[in-house]
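**Q** Sharing structure-v1.txt here; it has compact mmCIF, C-alpha atoms and all ligand atoms.
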```txt
# COMPACT_ATOMS: atom_id res chain seq x y z
CA SER A 123 -80.31 26.55 -34.33
CA THR A 124 -76.94 25.98 -35.98
CA PRO A 125 -75.67 29.05 -37.82
CA ALA A 126 -75.38 28.70 -41.58
CA ALA A 127 -71.64 29.45 -41.45
CA VAL A 128 -71.13 26.46 -39.15
CA LEU A 129 -73.18 24.15 -41.35
CA SER A 130 -71.24 25.22 -44.39
CA ALA A 131 -67.94 24.66 -42.53
CA ILE A 132 -69.08 21.17 -41.54
CA SER A 133 -69.76 20.28 -45.16
CA ALA A 134 -66.56 21.96 -46.39
CA GLY A 135 -64.64 19.92 -43.81
CA GLY A 136 -66.38 16.76 -44.94
CA ARG A 137 -65.25 17.29 -48.50
CA GLN A 138 -61.67 17.65 -47.25
CA GLY A 139 -61.75 14.54 -45.09
CA VAL A 140 -62.38 16.31 -41.78
CA LEU A 141 -65.40 15.08 -39.84
CA PHE A 142 -66.73 17.51 -37.21
CA LYS A 143 -69.05 15.68 -34.82
CA GLY A 144 -71.18 18.77 -34.21
CA GLY A 145 -71.16 22.51 -34.76
CA GLU A 146 -70.03 23.35 -31.22
CA HIS A 147 -66.69 21.67 -31.94
CA ILE A 148 -66.02 24.07 -34.79
CA GLU A 149 -66.47 26.97 -32.42
CA THR A 150 -64.14 25.48 -29.81
CA ALA A 151 -61.58 24.37 -32.40
CA GLY A 152 -61.44 27.94 -33.67
CA ASN A 153 -60.05 28.92 -30.25
CA VAL A 154 -57.37 26.26 -29.88
CA ASP A 155 -54.05 27.77 -28.85
CA ALA A 156 -52.35 24.65 -27.44
CA ILE A 157 -52.16 21.13 -28.87
CA ALA A 158 -50.97 17.92 -27.26
CA PHE A 159 -49.95 15.01 -29.45
CA ASP A 160 -49.65 11.38 -28.63
CA LYS A 161 -46.49 10.00 -30.22
CA THR A 162 -46.98 6.40 -31.24
CA GLY A 163 -49.40 6.03 -34.12
CA THR A 164 -50.01 9.77 -34.29
CA LEU A 165 -46.70 11.52 -34.99
CA THR A 166 -45.19 8.20 -35.99
CA GLU A 167 -46.59 5.67 -38.44
CA GLY A 168 -47.27 3.20 -35.68
CA ASN A 169 -45.65 0.53 -37.84
CA THR A 170 -43.39 -0.57 -35.01
CA ARG A 171 -40.78 -3.12 -36.06
CA LEU A 172 -38.57 -5.34 -33.95
CA THR A 173 -34.93 -4.45 -34.68
CA ASP A 174 -32.89 -6.20 -31.98
CA VAL A 175 -33.23 -9.54 -30.22
CA ARG A 176 -30.49 -10.37 -27.77
CA ALA A 177 -30.46 -13.33 -25.41
CA ARG A 178 -28.26 -12.68 -22.40
CA GLU A 179 -25.28 -14.93 -22.65
CA GLY A 180 -25.84 -18.18 -20.81
CA ALA A 181 -29.39 -17.35 -19.76
CA LEU A 182 -31.19 -19.69 -22.16
CA SER A 183 -30.50 -23.20 -23.33
CA THR A 184 -30.80 -24.37 -26.91
CA ASP A 185 -30.97 -28.06 -26.11
CA GLY A 186 -34.71 -28.07 -25.60
CA GLY A 187 -33.65 -29.99 -22.55
CA ALA A 188 -35.04 -31.02 -19.29
CA VAL A 189 -34.19 -28.08 -17.07
CA SER A 190 -37.35 -27.37 -15.11
CA SER A 191 -39.48 -26.05 -17.95
CA ASN A 192 -37.20 -26.74 -20.90
CA LEU A 193 -37.02 -23.00 -21.49
CA LEU A 194 -34.10 -22.16 -19.29
CA ALA A 195 -30.78 -23.76 -18.58
CA ASP A 196 -27.42 -22.88 -17.11
CA SER A 197 -25.32 -23.92 -20.07
CA ALA A 198 -23.56 -21.08 -21.83
CA LEU A 199 -23.90 -21.08 -25.57
CA GLU A 200 -21.33 -21.12 -28.32
CA ASP A 201 -23.66 -19.68 -30.90
CA ASN A 202 -25.95 -17.08 -29.42
CA SER A 203 -28.26 -16.89 -32.43
CA LEU A 204 -30.08 -20.05 -31.39
CA ALA A 205 -30.64 -18.49 -27.99
CA ASP A 206 -31.85 -15.31 -29.70
CA ASP A 207 -34.44 -17.36 -31.60
CA ARG A 208 -35.52 -19.03 -28.40
CA LEU A 209 -35.86 -15.68 -26.66
CA LEU A 210 -37.99 -14.36 -29.51
CA SER A 211 -40.25 -17.38 -29.48
CA ILE A 212 -40.81 -17.07 -25.69
CA ALA A 213 -41.48 -13.34 -26.03
CA ALA A 214 -43.89 -13.92 -28.92
CA ALA A 215 -45.74 -16.52 -26.84
CA VAL A 216 -46.45 -13.93 -24.15
CA GLN A 217 -47.19 -11.13 -26.62
CA THR A 218 -49.71 -13.12 -28.64
CA ARG A 219 -52.10 -12.17 -25.87
CA SER A 220 -51.39 -8.41 -26.04
CA GLU A 221 -52.71 -5.87 -28.52
CA HIS A 222 -49.91 -3.38 -27.87
CA HIS A 223 -47.89 -2.26 -30.89
CA LEU A 224 -44.70 -3.69 -29.35
CA ALA A 225 -46.50 -7.00 -28.92
CA GLU A 226 -47.70 -7.09 -32.51
CA ALA A 227 -44.19 -6.35 -33.76
CA THR A 228 -42.80 -9.18 -31.61
CA VAL A 229 -45.30 -11.75 -32.87
CA GLU A 230 -44.79 -10.56 -36.44
CA ALA A 231 -41.01 -10.99 -36.17
CA ALA A 232 -41.35 -14.51 -34.76
CA LYS A 233 -43.63 -15.43 -37.66
CA GLU A 234 -41.21 -13.98 -40.20
CA GLN A 235 -38.44 -16.08 -38.66
CA GLY A 236 -40.64 -19.14 -38.93
CA LEU A 237 -40.32 -19.77 -35.20
CA GLU A 238 -42.57 -22.07 -33.29
CA VAL A 239 -44.52 -20.04 -30.74
CA PRO A 240 -45.68 -21.96 -27.65
CA ASP A 241 -49.00 -21.32 -25.91
CA ALA A 242 -49.16 -18.88 -23.03
CA SER A 243 -51.61 -18.69 -20.14
CA ASP A 244 -52.37 -16.36 -17.21
CA PHE A 245 -51.60 -13.31 -19.32
CA GLU A 246 -51.66 -9.97 -17.54
CA ALA A 247 -50.76 -6.46 -18.71
CA VAL A 248 -49.45 -3.65 -16.51
CA VAL A 249 -50.41 -0.41 -18.28
CA GLY A 250 -47.45 1.63 -19.50
CA LYS A 251 -44.94 -0.88 -18.14
CA GLY A 252 -45.21 -4.36 -19.60
CA VAL A 253 -46.80 -7.77 -19.49
CA HIS A 254 -46.39 -11.23 -18.00
CA ALA A 255 -47.71 -14.71 -18.71
CA THR A 256 -46.93 -18.35 -18.11
CA VAL A 257 -45.11 -20.16 -20.91
CA LYS A 258 -44.48 -23.89 -20.49
CA GLY A 259 -44.98 -23.57 -16.76
CA GLN A 260 -42.61 -20.64 -16.45
CA THR A 261 -43.62 -17.07 -15.63
CA ILE A 262 -42.16 -14.69 -18.21
CA HIS A 263 -42.10 -10.92 -17.67
CA ILE A 264 -41.58 -8.47 -20.55
CA GLY A 265 -41.32 -4.82 -19.67
CA ASN A 266 -39.41 -1.58 -19.45
CA PRO A 267 -37.12 -0.50 -16.59
CA ARG A 268 -40.14 0.90 -14.73
CA TYR A 269 -41.75 -2.52 -14.90
CA VAL A 270 -38.59 -4.00 -13.38
CA GLU A 271 -38.55 -1.38 -10.63
CA THR A 272 -42.22 -1.37 -9.72
CA VAL A 273 -43.58 -4.82 -10.58
CA LEU A 274 -40.54 -6.94 -9.82
CA GLY A 275 -39.47 -4.48 -7.13
CA ASP A 276 -36.61 -5.30 -4.82
CA GLN A 277 -36.39 -9.00 -5.64
CA PRO A 278 -32.89 -9.97 -6.74
CA ILE A 279 -32.70 -10.49 -10.51
CA ASP A 280 -29.78 -12.34 -12.05
CA GLY A 281 -28.35 -10.16 -14.84
CA ARG A 282 -30.33 -7.08 -13.78
CA GLU A 283 -27.59 -4.48 -14.36
CA THR A 284 -26.39 -6.10 -17.60
CA GLY A 285 -29.94 -6.00 -18.92
CA LEU A 286 -30.71 -2.46 -17.77
CA ASP A 287 -27.43 -1.17 -19.24
CA ALA A 288 -28.23 -2.79 -22.58
CA VAL A 289 -31.73 -1.28 -22.61
CA ARG A 290 -30.45 2.21 -21.76
CA GLU A 291 -27.91 2.06 -24.56
CA LEU A 292 -30.56 1.00 -27.10
CA GLU A 293 -32.86 3.80 -25.91
CA ALA A 294 -30.09 6.35 -26.38
CA ASN A 295 -30.12 5.28 -30.03
CA GLY A 296 -33.82 6.09 -30.28
CA LYS A 297 -35.06 2.52 -29.86
CA THR A 298 -37.90 1.57 -27.55
CA SER A 299 -36.57 -1.40 -25.56
CA VAL A 300 -37.81 -4.00 -23.10
CA LEU A 301 -36.28 -6.66 -20.88
CA VAL A 302 -37.40 -10.29 -20.85
CA VAL A 303 -37.20 -11.78 -17.36
CA GLY A 304 -37.95 -15.40 -16.46
CA GLU A 305 -38.86 -16.87 -13.09
CA THR A 306 -36.75 -19.93 -12.39
CA ALA A 307 -36.58 -22.19 -9.36
CA ASP A 308 -33.59 -20.07 -8.26
CA GLY A 309 -35.42 -16.78 -8.69
CA LEU A 310 -35.65 -14.14 -11.35
CA ARG A 311 -33.27 -14.05 -14.28
CA VAL A 312 -32.83 -11.63 -17.18
CA LEU A 313 -33.16 -13.78 -20.31
CA GLY A 314 -32.50 -11.00 -22.78
CA TRP A 315 -33.84 -7.82 -24.32
CA LEU A 316 -35.71 -6.62 -27.40
CA ALA A 317 -35.61 -3.28 -29.20
CA PHE A 318 -38.06 -1.62 -31.59
CA THR A 319 -38.28 1.37 -33.91
CA ASP A 320 -41.14 3.23 -35.48
CA THR A 321 -41.06 5.67 -38.42
CA ILE A 322 -41.83 9.36 -37.98
CA ARG A 323 -44.63 10.34 -40.38
CA PRO A 324 -43.11 12.13 -43.38
CA ASP A 325 -45.56 15.04 -43.14
CA ALA A 326 -45.37 15.50 -39.35
CA ALA A 327 -42.72 18.26 -39.28
CA GLU A 328 -44.57 20.31 -41.90
CA MET A 329 -47.82 19.94 -39.99
CA ILE A 330 -46.21 21.26 -36.79
CA GLU A 331 -44.81 24.22 -38.71
CA LYS A 332 -48.23 25.03 -40.22
CA LEU A 333 -49.94 24.83 -36.83
CA ARG A 334 -47.45 27.33 -35.49
CA GLU A 335 -47.97 29.65 -38.48
CA ARG A 336 -51.68 29.52 -37.74
CA GLY A 337 -51.22 30.81 -34.23
CA VAL A 338 -50.99 27.71 -32.04
CA GLU A 339 -48.78 28.90 -29.18
CA GLN A 340 -47.86 25.66 -27.50
CA ILE A 341 -47.27 22.22 -29.03
CA VAL A 342 -46.43 19.34 -26.71
CA MET A 343 -45.94 15.59 -26.95
CA LEU A 344 -47.39 13.23 -24.34
CA THR A 345 -46.13 9.67 -24.58
CA GLY A 346 -45.84 6.48 -22.61
CA ASP A 347 -42.61 5.72 -24.40
CA ASN A 348 -39.24 6.33 -22.77
CA GLU A 349 -37.63 9.73 -22.34
CA ARG A 350 -34.70 9.27 -24.71
CA VAL A 351 -36.78 8.05 -27.66
CA ALA A 352 -39.37 10.79 -27.06
CA GLN A 353 -36.74 13.56 -26.91
CA TYR A 354 -35.24 12.33 -30.16
CA ILE A 355 -38.58 12.54 -32.00
CA GLY A 356 -39.54 15.85 -30.36
CA GLU A 357 -36.33 17.45 -31.60
CA GLU A 358 -36.81 16.09 -35.13
CA LEU A 359 -40.27 17.67 -35.27
CA GLY A 360 -39.65 20.96 -33.46
CA ILE A 361 -42.08 20.25 -30.64
CA ASP A 362 -41.94 22.73 -27.72
CA GLU A 363 -42.20 20.33 -24.80
CA VAL A 364 -41.89 16.56 -24.53
CA TYR A 365 -43.33 14.57 -21.62
CA ALA A 366 -42.42 10.88 -21.62
CA GLU A 367 -43.00 7.70 -19.60
CA LEU A 368 -46.52 8.85 -18.80
CA LEU A 369 -49.36 6.69 -17.55
CA PRO A 370 -52.84 7.47 -18.93
CA GLU A 371 -53.81 9.56 -15.87
CA GLU A 372 -50.56 11.51 -16.08
CA LYS A 373 -51.47 12.48 -19.63
CA VAL A 374 -54.72 13.85 -18.16
CA ASN A 375 -52.74 15.95 -15.64
CA HIS A 376 -50.75 17.53 -18.45
CA ILE A 377 -53.91 18.42 -20.38
CA GLU A 378 -55.37 20.05 -17.26
CA ARG A 379 -52.18 22.02 -16.68
CA LEU A 380 -52.28 23.29 -20.28
CA GLN A 381 -55.93 24.26 -19.82
CA GLU A 382 -54.96 26.58 -16.95
CA ARG A 383 -52.78 28.64 -19.26
CA HIS A 384 -54.61 28.39 -22.58
CA GLU A 385 -57.98 29.25 -24.00
CA ALA A 386 -58.66 25.87 -25.62
CA VAL A 387 -56.51 22.73 -25.64
CA ALA A 388 -56.72 20.04 -28.32
CA MET A 389 -55.44 16.50 -27.91
CA VAL A 390 -54.60 14.34 -30.93
CA GLY A 391 -54.29 10.62 -30.27
CA ASP A 392 -55.06 7.11 -31.40
CA GLY A 393 -56.86 6.04 -28.24
CA VAL A 394 -54.29 3.50 -27.10
CA ASN A 395 -53.72 4.62 -23.50
CA ASP A 396 -54.77 8.18 -24.23
CA ALA A 397 -58.57 7.91 -24.11
CA PRO A 398 -58.80 9.72 -20.71
CA ALA A 399 -56.60 12.58 -22.00
CA LEU A 400 -58.68 12.81 -25.17
CA ALA A 401 -61.82 13.06 -23.02
CA THR A 402 -60.28 15.80 -20.85
CA ALA A 403 -59.15 18.05 -23.71
CA ASP A 404 -61.47 20.80 -24.98
CA ILE A 405 -61.22 19.21 -28.42
CA SER A 406 -60.21 15.63 -29.14
CA VAL A 407 -58.96 14.64 -32.55
CA GLY A 408 -58.87 11.04 -33.78
CA MET A 409 -57.01 9.73 -36.78
CA GLY A 410 -59.32 7.75 -39.05
CA GLY A 411 -56.56 5.81 -40.71
CA ALA A 412 -54.90 4.63 -37.53
CA GLY A 413 -56.99 5.09 -34.43
CA THR A 414 -58.87 2.60 -32.31
CA ASP A 415 -62.65 2.41 -32.74
CA VAL A 416 -63.25 3.91 -29.31
CA ALA A 417 -61.06 6.92 -30.11
CA LEU A 418 -62.95 7.50 -33.35
CA GLU A 419 -66.33 7.17 -31.67
CA THR A 420 -65.53 9.63 -28.89
CA ALA A 421 -63.41 12.11 -30.87
CA ASN A 422 -64.87 15.57 -31.53
CA ILE A 423 -63.04 15.75 -34.84
CA VAL A 424 -61.99 12.79 -36.95
CA LEU A 425 -59.41 13.08 -39.70
CA MET A 426 -60.68 10.63 -42.27
CA SER A 427 -57.26 10.00 -43.77
CA ASP A 428 -53.73 9.74 -42.45
CA LYS A 429 -52.83 13.05 -44.08
CA LEU A 430 -51.61 15.22 -41.22
CA ASP A 431 -52.14 18.46 -43.16
CA ARG A 432 -55.86 17.95 -42.50
CA LEU A 433 -55.21 19.05 -38.93
CA PRO A 434 -53.99 22.65 -39.57
CA TYR A 435 -56.73 22.80 -42.19
CA ALA A 436 -59.38 21.86 -39.62
CA PHE A 437 -58.19 24.53 -37.16
CA ALA A 438 -57.91 27.19 -39.88
CA LEU A 439 -61.41 26.41 -41.12
CA SER A 440 -62.76 26.62 -37.57
CA LYS A 441 -61.00 29.91 -36.90
CA GLU A 442 -62.32 31.36 -40.14
CA THR A 443 -65.83 30.23 -39.28
CA ARG A 444 -65.65 31.74 -35.79
CA ARG A 445 -64.59 35.02 -37.30
CA THR A 446 -67.74 35.16 -39.40
CA LEU A 447 -69.87 34.41 -36.30
CA TYR A 448 -68.61 37.07 -33.90
P1 LIG B 1 -46.94 4.30 -26.20
O1 LIG B 1 -48.27 4.25 -26.91
O2 LIG B 1 -46.29 5.65 -26.31
O3 LIG B 1 -46.03 3.18 -26.56
P2 LIG B 1 -47.80 2.93 -23.80
O4 LIG B 1 -48.32 3.52 -22.53
O5 LIG B 1 -48.70 2.10 -24.62
O6 LIG B 1 -47.23 4.16 -24.64
O7 LIG B 1 -46.53 2.03 -23.47
C1 LIG B 1 -45.49 2.58 -22.70
C2 LIG B 1 -44.41 1.58 -22.51
O8 LIG B 1 -44.90 0.48 -21.70
C3 LIG B 1 -43.88 0.95 -23.75
O9 LIG B 1 -42.93 1.76 -24.41
C4 LIG B 1 -43.25 -0.31 -23.16
O10 LIG B 1 -42.01 0.00 -22.58
C5 LIG B 1 -44.24 -0.71 -22.08
N1 LIG B 1 -45.25 -1.66 -22.57
C6 LIG B 1 -46.56 -1.45 -22.73
N2 LIG B 1 -47.16 -2.55 -23.22
C7 LIG B 1 -46.20 -3.49 -23.42
C8 LIG B 1 -46.18 -4.83 -23.92
N3 LIG B 1 -47.25 -5.47 -24.37
N4 LIG B 1 -44.98 -5.44 -23.96
C9 LIG B 1 -43.87 -4.83 -23.53
N5 LIG B 1 -43.83 -3.58 -23.06
C10 LIG B 1 -44.97 -2.91 -22.99
MG MG B 2 -50.37 5.74 -28.85
```
Could you spell out this file's structure in structure tokens?

**A**
Amino acid sequence: STPAAVLSAISAGGRQGVLFKGGEHIETAGNVDAIAFDKTGTLTEGNTRLTDVRAREGALSTDGGAVSSNLLADSALEDNSLADDRLLSIAAAVQTRSEHHLAEATVEAAKEQGLEVPDASDFEAVVGKGVHATVKGQTIHIGNPRYVETVLGDQPIDGRETGLDAVRELEANGKTSVLVVGETADGLRVLGWLAFTDTIRPDAAEMIEKLRERGVEQIVMLTGDNERVAQYIGEELGIDEVYAELLPEEKVNHIERLQERHEAVAMVGDGVNDAPALATADISVGMGGAGTDVALETANIVLMSDKLDRLPYAFALSKETRRTLY
């Protein structure tokens, strides 16, 4: 039967907004000496906002005209802001079908601008890379440089280097960025690019410090986001190791590698593309305020609020409880 100390820890946790889904998790959590964090929605607020919309000069028409699909034309523009609006409305059309945080931010921005968003069909997502759909008869791709390399491959893309350079520069400034590429009768063409930022949670740095004080040896970040943005946030928070541009199964590999060197490994995530890593970790922690339903259902520990100090509390409580058991 469950020891009294464990039962009392479960109820103490409950009062502090920490839900242990069983006594065995308290015992394992008391042993955690390495923690992996997802970035987006976990260390950051997950309130991603669109900050930059840039149509590539001459890549879009503003005349609403007759060129193949009425999305694209060859005419260069005097005033690029109309083209920027058009780019945003095309991007929002595709992203209406996606639940990704970048997609939500794109649709939100188009709404705020009062833009008309056309319908999209044949939507498809490529995990960790981007999305594509048909808008007014035209295939539109939205994705990161890896999407361009692996999904669009070796096909010639008009404006490829201009677009990739722009994205790299935005990333160096800590902004997650994607290219918008359209398929025209003449082939692929970079239409423009979009950039996004997210806010680091105000209590994240203090939480990391407390975890370290409480004996966690190794703190890492596992993210699908790009290297430059991830490094920036890792440095702000004093995280030991940052692994970026990861696919869900690559996050799993990192958890397994940590498990070889540590007694017990915890993973903290929101369940968007990190469900397999959460399942692999010895202890999975879901954030009640932010996580997906699946993450909350399968998590071993759920933090009922967005207060990150609940996490060092949960590990300290578990450690204390273990001490009284053995
Ligand atoms: P994270 O949760 O860290 O953002 P993801 O694996 O969800 O990690 O996404 C990784 C990257 O894949 C994103 O930064 C973006 O470049 C690209 N991506 C994923 N989904 C979309 C989407 N709907 N639209 C555009 N890009 C996307
Ligand atoms: Mg995430």

**Q** Taking (-66.3, 22.9, -40.3) in the file's own coordinates, collect the residues within 9 Å, counting all atoms listed in the file, and hand them back as a PyMOL selection string.

**A** chain A and resi 127-136+140-142+144-145+147-149+436-437+439-440+443

**Q** Quick one: write out the picked residues with C-alpha atoms as a compact mmCIF listing (two decimals), keeping the file's coordinate frame?

**A**
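Produced file out.txt, reproduced below:
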```
# COMPACT_ATOMS: atom_id res chain seq x y z
CA ALA A 127 -71.64 29.45 -41.45
CA VAL A 128 -71.13 26.46 -39.15
CA LEU A 129 -73.18 24.15 -41.35
CA SER A 130 -71.24 25.22 -44.39
CA ALA A 131 -67.94 24.66 -42.53
CA ILE A 132 -69.08 21.17 -41.54
CA SER A 133 -69.76 20.28 -45.16
CA ALA A 134 -66.56 21.96 -46.39
CA GLY A 135 -64.64 19.92 -43.81
CA GLY A 136 -66.38 16.76 -44.94
CA VAL A 140 -62.38 16.31 -41.78
CA LEU A 141 -65.40 15.08 -39.84
CA PHE A 142 -66.73 17.51 -37.21
CA GLY A 144 -71.18 18.77 -34.21
CA GLY A 145 -71.16 22.51 -34.76
CA HIS A 147 -66.69 21.67 -31.94
CA ILE A 148 -66.02 24.07 -34.79
CA GLU A 149 -66.47 26.97 -32.42
CA ALA A 436 -59.38 21.86 -39.62
CA PHE A 437 -58.19 24.53 -37.16
CA LEU A 439 -61.41 26.41 -41.12
CA SER A 440 -62.76 26.62 -37.57
CA THR A 443 -65.83 30.23 -39.28
```

**Q** If the limit is 9 Å from any atom of ligand MG 2 (chain B), counting all atoms listed in the file, which residues qualify? Return them as an MDAnalysis selection string.

**A** chainID A and resid 160:164 168 223 345:347 391:396 413

**Q** Which residues form the shell of 8 Å around ligand LIG 1 (chain B) when you count all atoms listed in the file, given as a VMD selection string?

**A** chain A and resid 160 to 163 217 220 to 225 247 to 253 264 to 267 269 298 to 300 344 to 348 367 to 370 394 to 395

**Q** Please save C-alpha atoms of the selected residues as an mmCIF file, keeping the file's coordinate frame.

**A**
```cif
data_model
loop_
_atom_site.group_PDB
_atom_site.id
_atom_site.type_symbol
_atom_site.label_atom_id
_atom_site.label_comp_id
_atom_site.auth_asym_id
_atom_site.auth_seq_id
_atom_site.Cartn_x
_atom_site.Cartn_y
_atom_site.Cartn_z
ATOM 1 C CA ASP A 160 -49.650 11.380 -28.630
ATOM 2 C CA LYS A 161 -46.490 10.000 -30.220
ATOM 3 C CA THR A 162 -46.980 6.400 -31.240
ATOM 4 C CA GLY A 163 -49.400 6.030 -34.120
ATOM 5 C CA GLN A 217 -47.190 -11.130 -26.620
ATOM 6 C CA SER A 220 -51.390 -8.410 -26.040
ATOM 7 C CA GLU A 221 -52.710 -5.870 -28.520
ATOM 8 C CA HIS A 222 -49.910 -3.380 -27.870
ATOM 9 C CA HIS A 223 -47.890 -2.260 -30.890
ATOM 10 C CA LEU A 224 -44.700 -3.690 -29.350
ATOM 11 C CA ALA A 225 -46.500 -7.000 -28.920
ATOM 12 C CA ALA A 247 -50.760 -6.460 -18.710
ATOM 13 C CA VAL A 248 -49.450 -3.650 -16.510
ATOM 14 C CA VAL A 249 -50.410 -0.410 -18.280
ATOM 15 C CA GLY A 250 -47.450 1.630 -19.500
ATOM 16 C CA LYS A 251 -44.940 -0.880 -18.140
ATOM 17 C CA GLY A 252 -45.210 -4.360 -19.600
ATOM 18 C CA VAL A 253 -46.800 -7.770 -19.490
ATOM 19 C CA ILE A 264 -41.580 -8.470 -20.550
ATOM 20 C CA GLY A 265 -41.320 -4.820 -19.670
ATOM 21 C CA ASN A 266 -39.410 -1.580 -19.450
ATOM 22 C CA PRO A 267 -37.120 -0.500 -16.590
ATOM 23 C CA TYR A 269 -41.750 -2.520 -14.900
ATOM 24 C CA THR A 298 -37.900 1.570 -27.550
ATOM 25 C CA SER A 299 -36.570 -1.400 -25.560
ATOM 26 C CA VAL A 300 -37.810 -4.000 -23.100
ATOM 27 C CA LEU A 344 -47.390 13.230 -24.340
ATOM 28 C CA THR A 345 -46.130 9.670 -24.580
ATOM 29 C CA GLY A 346 -45.840 6.480 -22.610
ATOM 30 C CA ASP A 347 -42.610 5.720 -24.400
ATOM 31 C CA ASN A 348 -39.240 6.330 -22.770
ATOM 32 C CA GLU A 367 -43.000 7.700 -19.600
ATOM 33 C CA LEU A 368 -46.520 8.850 -18.800
ATOM 34 C CA LEU A 369 -49.360 6.690 -17.550
ATOM 35 C CA PRO A 370 -52.840 7.470 -18.930
ATOM 36 C CA VAL A 394 -54.290 3.500 -27.100
ATOM 37 C CA ASN A 395 -53.720 4.620 -23.500
#
```

**Q** So that I can check the surroundings of A:Asp431, please list as a tab-separated table (two decimals) with C-alpha atoms, in the frame of the given file every protein, DNA and RNA residue that reaches within 9 Å of it, counting all atoms listed in the file and ignoring chain neighbours fewer than 4 positions away.

**A**
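Result file follows (result36.tsv):
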```tsv
chain	number	residue	atom	x	y	z
A	325	ASP	CA	-45.56	15.04	-43.14
A	326	ALA	CA	-45.37	15.50	-39.35
A	328	GLU	CA	-44.57	20.31	-41.90
A	329	MET	CA	-47.82	19.94	-39.99
A	332	LYS	CA	-48.23	25.03	-40.22
A	435	TYR	CA	-56.73	22.80	-42.19
A	436	ALA	CA	-59.38	21.86	-39.62
```

**Q** Could you tell me how far atom CA of A:Met426 lies from atom CA of A:Ile361, in Å and to one decimal?

**A**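 Atom CA of A:Met426 sits 24.0 Å away from atom CA of A:Ile361.
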
**Q** Which residues are close to A:Gly281, i.e. within 8 Å by all atoms listed in the file, leaving aside same-chain residues fewer than 5 positions away? Reply as a list of chain:residue names.

**A** A:Arg178, A:Arg311, A:Val312

**Q** Take atom CA of A:Glu167 and atom CA of A:Pro398 and report the distance between them in Å, one decimal.

**A**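 Result for atom CA of A:Glu167 versus atom CA of A:Pro398: 21.9 Å, one decimal.
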
**Q** Any idea what the distance is between atom CA of A:Glu363 and atom CA of A:Met389?

**A**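 Answer for the atom CA of A:Glu363 to atom CA of A:Met389 separation: 14.1 Å.
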
**Q** Which residues come within 7 Å of A:Phe318, counting all atoms listed in the file, excluding same-chain residues fewer than 3 positions away, as a ChimeraX atom specification?

**A** /A:170-174,297-299

**Q** Given only C-alpha atoms as the basis, pick out the residue of A:Phe159, A:Glu230, A:Thr319, A:Ala181 nearest to A:Ile279.

**A**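 Of the candidates, the smallest distance to A:Ile279 is held by A:Ala181.
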
**Q** So, counting all atoms listed in the file, which residue among A:Thr272, A:Thr306, A:Thr321, A:Gln138 is closest to A:Glu358?

**A**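 Checking each candidate against A:Glu358, we get A:Thr321 as the closest.
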
**Q** From the list A:Thr261, A:Glu146, A:Ala317, A:Ala399, which residue is nearest A:Thr124 when using all atoms listed in the file?

**A**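 Checking each of A:Thr261, A:Glu146, A:Ala317, A:Ala399 against A:Thr124, counting all atoms listed in the file, the winner is A:Glu146.
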
**Q** Restricting the calculation to only C-alpha atoms, which member of A:Lys143, A:Arg290, A:Asp276, A:Val302 is positioned closest to A:Ala213?

**A**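 Smallest distance to A:Ala213 is found for A:Val302.
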
**Q** Go through A:Ala386, A:Ile322, A:Ala177, A:Ala156 one by one, measure the shortest atom-to-atom distance of each to A:Ile355 using all atoms listed in the file, and give the residue with the smallest value.

**A**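 Of A:Ala386, A:Ile322, A:Ala177, A:Ala156, the one nearest A:Ile355 is A:Ile322, counting all atoms listed in the file.
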
**Q** Kindly provide, as a short mmCIF file (atom, residue, chain, number, x, y, z; two decimals) with C-alpha atoms, in the coordinates of the input, the polymer residues lying within 6 Å of (-59.3, 25.2, -29.0), counting only C-alpha atoms and using the coordinates exactly as they appear in the file.

**A**
```cif
data_model
loop_
_atom_site.label_atom_id
_atom_site.label_comp_id
_atom_site.auth_asym_id
_atom_site.auth_seq_id
_atom_site.Cartn_x
_atom_site.Cartn_y
_atom_site.Cartn_z
CA THR A 150 -64.14 25.48 -29.81
CA ALA A 151 -61.58 24.37 -32.40
CA GLY A 152 -61.44 27.94 -33.67
CA ASN A 153 -60.05 28.92 -30.25
CA VAL A 154 -57.37 26.26 -29.88
CA ASP A 155 -54.05 27.77 -28.85
CA ALA A 386 -58.66 25.87 -25.62
CA VAL A 387 -56.51 22.73 -25.64
CA ALA A 388 -56.72 20.04 -28.32
#
```

**Q** Which one is closest to A:Leu292: A:Leu274, A:Ala242, A:Val175, A:Leu333? Count all atoms listed in the file.

**A**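 Using all atoms listed in the file, the shortest distance to A:Leu292 belongs to A:Val175.
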
**Q** List the neighbours of A:Phe245 out to 7 Å using all atoms listed in the file; skip same-chain residues closer than 2 positions along the sequence, and give me the result as an mmCIF file with C-alpha atoms, in the coordinates of the input.

**A**
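The result, stored in out07.cif:
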```
data_model
loop_
_atom_site.group_PDB
_atom_site.id
_atom_site.type_symbol
_atom_site.label_atom_id
_atom_site.label_comp_id
_atom_site.auth_asym_id
_atom_site.auth_seq_id
_atom_site.Cartn_x
_atom_site.Cartn_y
_atom_site.Cartn_z
ATOM 1 C CA ARG A 219 -52.100 -12.170 -25.870
ATOM 2 C CA SER A 243 -51.610 -18.690 -20.140
ATOM 3 C CA ALA A 247 -50.760 -6.460 -18.710
ATOM 4 C CA HIS A 254 -46.390 -11.230 -18.000
ATOM 5 C CA ALA A 255 -47.710 -14.710 -18.710
ATOM 6 C CA THR A 256 -46.930 -18.350 -18.110
#
```

**Q** Report as a list in words all protein, DNA and RNA residues lying within 9 Å of A:Val351, evaluated on all atoms listed in the file, omitting residues in the same chain fewer than 5 positions from it.

**A**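 Near neighbours after the sequence-gap exclusion: Glu293, Ala294, Asn295, Gly296, Lys297, Thr298, Gly356 and Ala366 of chain A.
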